[in-house]
Structure formats: structure tokens, C-alpha cells
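Note: the block below is structure14.cif and it holds mmCIF, C-alpha atoms.
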data_structure
loop_
_atom_site.label_atom_id
_atom_site.label_comp_id
_atom_site.auth_asym_id
_atom_site.auth_seq_id
_atom_site.Cartn_x
_atom_site.Cartn_y
_atom_site.Cartn_z
CA MET S 1 -159.17 178.04 -22.35
CA SER S 2 -158.55 180.05 -25.49
CA ASN S 3 -161.35 180.13 -28.03
CA VAL S 4 -158.79 179.61 -30.84
CA LEU S 5 -157.24 176.15 -31.19
CA ASP S 6 -153.75 175.81 -32.58
CA ILE S 7 -154.14 172.77 -34.81
CA ASP S 8 -150.76 172.81 -36.57
CA PRO S 9 -148.78 170.65 -34.10
CA VAL S 10 -151.36 167.87 -34.35
CA VAL S 11 -152.58 167.80 -37.96
CA PHE S 12 -149.32 166.63 -39.44
CA SER S 13 -148.38 164.17 -36.74
CA GLN S 14 -150.05 160.90 -35.89
CA GLU S 15 -150.30 161.86 -32.23
CA ILE S 16 -153.71 163.16 -31.19
CA THR S 17 -153.63 163.59 -27.44
CA LEU S 18 -156.50 163.35 -24.98
CA GLU S 19 -155.82 166.99 -24.06
CA TYR S 20 -156.25 168.02 -27.69
CA ILE S 21 -159.50 166.05 -28.04
CA GLU S 22 -160.83 167.68 -24.87
CA SER S 23 -159.88 171.16 -26.11
CA ILE S 24 -161.89 170.61 -29.30
CA MET S 25 -164.87 169.27 -27.36
CA ASP S 26 -164.70 172.19 -24.88
CA SER S 27 -164.68 174.68 -27.75
CA LEU S 28 -167.67 173.00 -29.39
CA LYS S 29 -169.60 172.92 -26.11
CA GLN S 30 -168.79 176.52 -25.20
CA TYR S 31 -168.97 178.24 -28.60
CA GLY S 32 -170.71 175.78 -30.92
CA VAL S 33 -167.95 176.31 -33.50
CA LEU S 34 -164.22 175.81 -33.86
CA ARG S 35 -161.82 178.63 -34.53
CA LEU S 36 -158.59 177.13 -35.79
CA ARG S 37 -155.15 178.52 -36.49
CA GLY S 38 -152.11 176.79 -37.91
CA THR S 39 -154.16 174.75 -40.36
CA ASN S 40 -151.33 174.50 -42.90
CA ILE S 41 -153.57 175.97 -45.61
CA SER S 42 -151.07 178.25 -47.29
CA HIS S 43 -151.31 181.99 -46.88
CA GLU S 44 -150.76 182.34 -50.63
CA LEU S 45 -153.75 180.12 -51.44
CA ARG S 46 -156.02 181.92 -48.97
CA GLU S 47 -155.02 185.35 -50.29
CA ARG S 48 -155.40 184.24 -53.91
CA CYS S 49 -158.94 182.99 -53.21
CA PHE S 50 -159.88 186.16 -51.30
CA ASP S 51 -158.58 188.24 -54.22
CA LEU S 52 -160.48 186.16 -56.79
CA GLY S 53 -163.65 186.39 -54.69
CA ARG S 54 -163.34 190.17 -54.43
CA ARG S 55 -162.78 190.38 -58.20
CA PHE S 56 -165.94 188.36 -58.80
CA MET S 57 -168.05 190.47 -56.43
CA ARG S 58 -166.91 193.67 -58.20
CA LEU S 59 -168.38 192.41 -61.52
CA SER S 60 -171.64 193.86 -62.79
CA HIS S 61 -174.85 192.20 -61.63
CA ALA S 62 -175.39 190.83 -65.16
CA ALA S 63 -171.90 189.30 -65.26
CA LYS S 64 -172.36 187.69 -61.84
CA MET S 65 -175.75 186.29 -62.90
CA GLU S 66 -173.94 184.26 -65.61
CA SER S 67 -172.86 182.04 -62.69
CA HIS S 68 -176.42 181.74 -61.32
CA ASP S 69 -178.45 178.55 -61.79
CA PRO S 70 -182.17 179.45 -61.96
CA GLU S 71 -183.04 175.74 -61.59
CA ASP S 72 -181.22 175.45 -58.24
CA SER S 73 -183.89 176.66 -55.82
CA PHE S 74 -181.74 175.68 -52.82
CA HIS S 75 -178.83 177.88 -53.98
CA GLN S 76 -176.24 175.11 -53.50
CA ARG S 77 -174.04 175.98 -56.48
CA GLY S 78 -173.09 179.14 -58.29
CA TYR S 79 -173.97 182.76 -57.57
CA THR S 80 -176.92 183.88 -55.48
CA SER S 81 -177.80 187.59 -55.54
CA PRO S 82 -179.47 189.38 -52.61
CA GLU S 83 -182.97 189.07 -54.11
CA PHE S 84 -182.67 185.26 -54.09
CA VAL S 85 -181.30 184.86 -50.55
CA ASP S 86 -183.64 182.86 -48.33
CA ILE S 87 -185.30 184.42 -45.31
CA PRO S 88 -183.64 182.97 -42.19
CA ALA S 89 -185.80 180.87 -39.88
CA GLY S 90 -187.44 183.06 -37.25
CA SER S 91 -187.14 186.23 -39.36
CA GLN S 92 -189.45 188.12 -41.67
CA ILE S 93 -186.67 189.77 -43.68
CA ARG S 94 -184.01 188.21 -45.91
CA ASP S 95 -180.35 188.93 -45.21
CA HIS S 96 -178.72 191.54 -47.46
CA LYS S 97 -175.89 189.42 -48.86
CA GLU S 98 -174.74 187.73 -52.03
CA PHE S 99 -172.62 184.64 -52.33
CA LEU S 100 -170.90 182.19 -54.61
CA GLN S 101 -171.18 178.60 -53.49
CA PHE S 102 -169.48 175.44 -54.67
CA GLY S 103 -168.59 172.02 -53.40
CA ASN S 104 -168.12 168.38 -54.30
CA ASP S 105 -168.51 168.24 -58.09
CA SER S 106 -169.44 164.55 -57.98
CA VAL S 107 -172.59 165.38 -55.99
CA GLN S 108 -173.74 168.49 -57.85
CA VAL S 109 -172.06 170.30 -60.73
CA ASN S 110 -170.40 173.58 -59.83
CA ILE S 111 -170.94 176.77 -61.80
CA TRP S 112 -167.63 178.60 -62.06
CA PRO S 113 -167.15 182.25 -63.02
CA ASP S 114 -165.09 182.93 -66.11
CA ILE S 115 -162.13 184.37 -64.20
CA LEU S 116 -158.64 183.02 -64.87
CA THR S 117 -157.52 180.51 -62.16
CA PHE S 118 -160.78 180.89 -60.18
CA LYS S 119 -161.90 177.27 -60.56
CA GLU S 120 -158.46 175.78 -59.91
CA SER S 121 -157.82 177.97 -56.87
CA PHE S 122 -161.15 177.34 -55.17
CA GLU S 123 -161.02 173.61 -55.95
CA GLU S 124 -157.62 173.49 -54.24
CA LEU S 125 -158.98 175.41 -51.23
CA PHE S 126 -162.01 173.10 -51.06
CA ILE S 127 -159.70 170.06 -50.97
CA GLU S 128 -157.62 171.61 -48.18
CA PHE S 129 -160.73 172.40 -46.12
CA SER S 130 -162.01 168.86 -46.72
CA LYS S 131 -158.77 167.43 -45.31
CA LEU S 132 -159.09 169.68 -42.27
CA PHE S 133 -162.73 168.68 -41.79
CA GLY S 134 -161.69 165.02 -42.02
CA HIS S 135 -159.21 165.61 -39.22
CA VAL S 136 -161.86 167.21 -36.99
CA ILE S 137 -164.24 164.32 -37.73
CA ARG S 138 -161.51 161.87 -36.72
CA VAL S 139 -161.05 163.72 -33.41
CA LEU S 140 -164.82 163.51 -32.79
CA GLU S 141 -164.75 159.77 -33.54
CA MET S 142 -161.99 159.36 -30.99
CA HIS S 143 -163.92 161.36 -28.39
CA PHE S 144 -166.97 159.14 -28.81
CA GLU S 145 -164.75 156.03 -28.92
CA LEU S 146 -165.86 155.13 -32.44
CA PRO S 147 -163.68 153.17 -34.83
CA GLU S 148 -161.68 155.17 -37.35
CA GLY S 149 -163.85 155.93 -40.36
CA ALA S 150 -167.18 155.49 -38.55
CA TRP S 151 -168.23 158.99 -39.57
CA GLY S 152 -165.46 159.76 -42.02
CA LYS S 153 -166.82 157.27 -44.55
CA TRP S 154 -169.60 159.74 -45.33
CA LEU S 155 -167.15 162.50 -46.24
CA ASN S 156 -166.03 161.05 -49.58
CA ASN S 157 -169.25 161.87 -51.42
CA ALA S 158 -170.78 164.34 -49.00
CA ASN S 159 -172.60 167.38 -50.31
CA SER S 160 -170.21 169.72 -48.53
CA ASN S 161 -170.33 173.33 -49.64
CA MET S 162 -167.96 176.26 -49.46
CA ARG S 163 -169.43 179.72 -49.71
CA TYR S 164 -167.76 183.03 -50.53
CA ILE S 165 -170.08 185.61 -48.95
CA HIS S 166 -170.17 189.33 -49.70
CA TYR S 167 -172.26 191.86 -47.80
CA PRO S 168 -172.86 194.68 -50.33
CA PRO S 169 -173.44 198.24 -49.17
CA PHE S 170 -177.02 199.35 -48.67
CA LYS S 171 -178.13 201.60 -51.53
CA GLY S 172 -181.71 202.27 -50.47
CA GLY S 173 -184.74 200.35 -51.59
CA GLU S 174 -183.89 197.31 -49.45
CA GLU S 175 -186.58 195.76 -47.29
CA ASN S 176 -187.43 197.86 -44.23
CA GLY S 177 -185.29 196.61 -41.36
CA ALA S 178 -182.89 194.71 -43.64
CA MET S 179 -179.49 193.86 -42.23
CA TRP S 180 -176.47 192.09 -43.59
CA SER S 181 -176.85 189.02 -41.46
CA GLY S 182 -179.62 188.62 -38.95
CA GLU S 183 -180.03 185.99 -36.27
CA HIS S 184 -179.92 182.44 -37.60
CA GLU S 185 -180.79 179.06 -36.17
CA ASP S 186 -177.82 177.34 -37.83
#
Any chance you could put this one into C-alpha cells?
Amino acid sequence: MSNVLDIDPVVFSQEITLEYIESIMDSLKQYGVLRLRGTNISHELRERCFDLGRRFMRLSHAAKMESHDPEDSFHQRGYTSPEFVDIPAGSQIRDHKEFLQFGNDSVQVNIWPDILTFKESFEELFIEFSKLFGHVIRVLEMHFELPEGAWGKWLNNANSNMRYIHYPPFKGGEENGAMWSGEHED
């Protein structure tokens, strides 16, 4: 079995076959994640968001910190710089990364950078990923023979997050043994 699932033929049809359900379950059992292609999320939207994310990460530290919420100790919204990144479980050293995180505005207010079209573009991408996630949840419901919506009902106001991660170059002065992304339990 390939470790990349081609989702396009299924997402936009009503037919979800037993073979397709089994391929998703096999991927989850073997890899613990899904790698999908053919998701119908437009290339233009993906490239626009990557470009906007790169533009944000090239800003000065002070400019990026304008999108940081000092009251959000869980770093669920806005910008988080490397000094605020949590230490992963089982490690003694924090990862050397920075990220911008956003999600469902009805659960927690997002903090958007002041870059033209940033908010609109990432909101659109978040909606597209939410639709895709809803599809995967539906496939899992079918696998476990649950009625439609058994798990999906929690998606409408879920605290789902999307994170744009950047691994900045090491400049010296980082914690001894620091790495971009160490072993994680999640």
C-alpha cells in the first residue's frame, strides 16, 4: 500500500467505498497520520498562503511580536517566538521554532498580522482544511459503523488550530543541544 492516499476521486462524490475506508484505516494504523493528495485545495490558495507566511516570518522580531498574545500561555492564537515555545514532553530542551497559529474564531479570537490579504487567505485555507477533516471524520464514522454526524457534530465549534511553522537558522546562543524539532509524543 502507498503511504499517500489519493482522496480526489472520493471527496467530491457520494461514493465512499469499503476499499477506500480500509486504505485510510491501514494508513492510520501503519503511520499514525494521513498523507493526502488530490484534496481539491487549490494550488493558488496554497501558494498564496505559503508566500504570506514567508513574508510574515521575514519581518523583524518586534513586528512579529505585534501578533503575539502575552495572555495566551497555551500559544493557541497569534505568533509564538522561539523563546516561548514549550519544551516537548520527554525532553529537556525546547524546539528551535517559531509559529503563527489560528483557528475557529468563535472559540478563541485570532490575532492576524497586518499584511494585506493574510487574514482572508488563511481563513479560506482553514475552511478548506475543515471540510477535508470533516470528510476524514465521516470515513472514520463509517469504519466504526457509527451514524453520520456521531463525531462530526463536534467539529462545528471545535477548537481546531492551523499552525504556520518556521524553523529559523541557528545563530548561536541557543540552548545547548537545541534542535529544530525534537522527538514528540503527539
Next item on the list: Given the file shown, determine the residues that the PyMOL selection byres ((chain S and resi 45-58) around 7) selects; report them as a count of residues only.
Entry: 9
Point-to-point distance in Å for CA of Phe74 in chain S and CA of Asn159 in chain S:
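Taking CA of Asn159 in chain S and CA of Phe74 in chain S, their separation equals 12.6 Å.
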_Need to verify the contact set: Glu66 in chain S, 10 Å, all atoms listed in the file, exclusion of same-chain residues closer than 4 positions in sequence. Can you return it as a PyMOL selection string?_
chain S and resi 61-62+78-79+111-114
To verify the selection step, state as a list in words which residues the PyMOL selection byres ((chain S and resi 155) around 10) yields on this input.
-> Ser130, Lys131, Phe133, Gly134, Ile137, Gly149, Trp151, Gly152, Lys153, Trp154, Asn156, Asn157, Ala158, Asn159 and Ser160 of chain S
Review point. In Å, with one decimal, what is the gap from CA of Asn161 in chain S to CA of Leu100 in chain S?
Key: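 Atom-to-atom, CA of Asn161 in chain S and CA of Leu100 in chain S are spaced 10.2 Å apart.
Comparing the minimum interatomic distances between Ile165 in chain S and each of S:Val136, S:Val85, S:Asn110, S:Glu123, counting only C-alpha atoms, we find that S:Val85 sits nearest.
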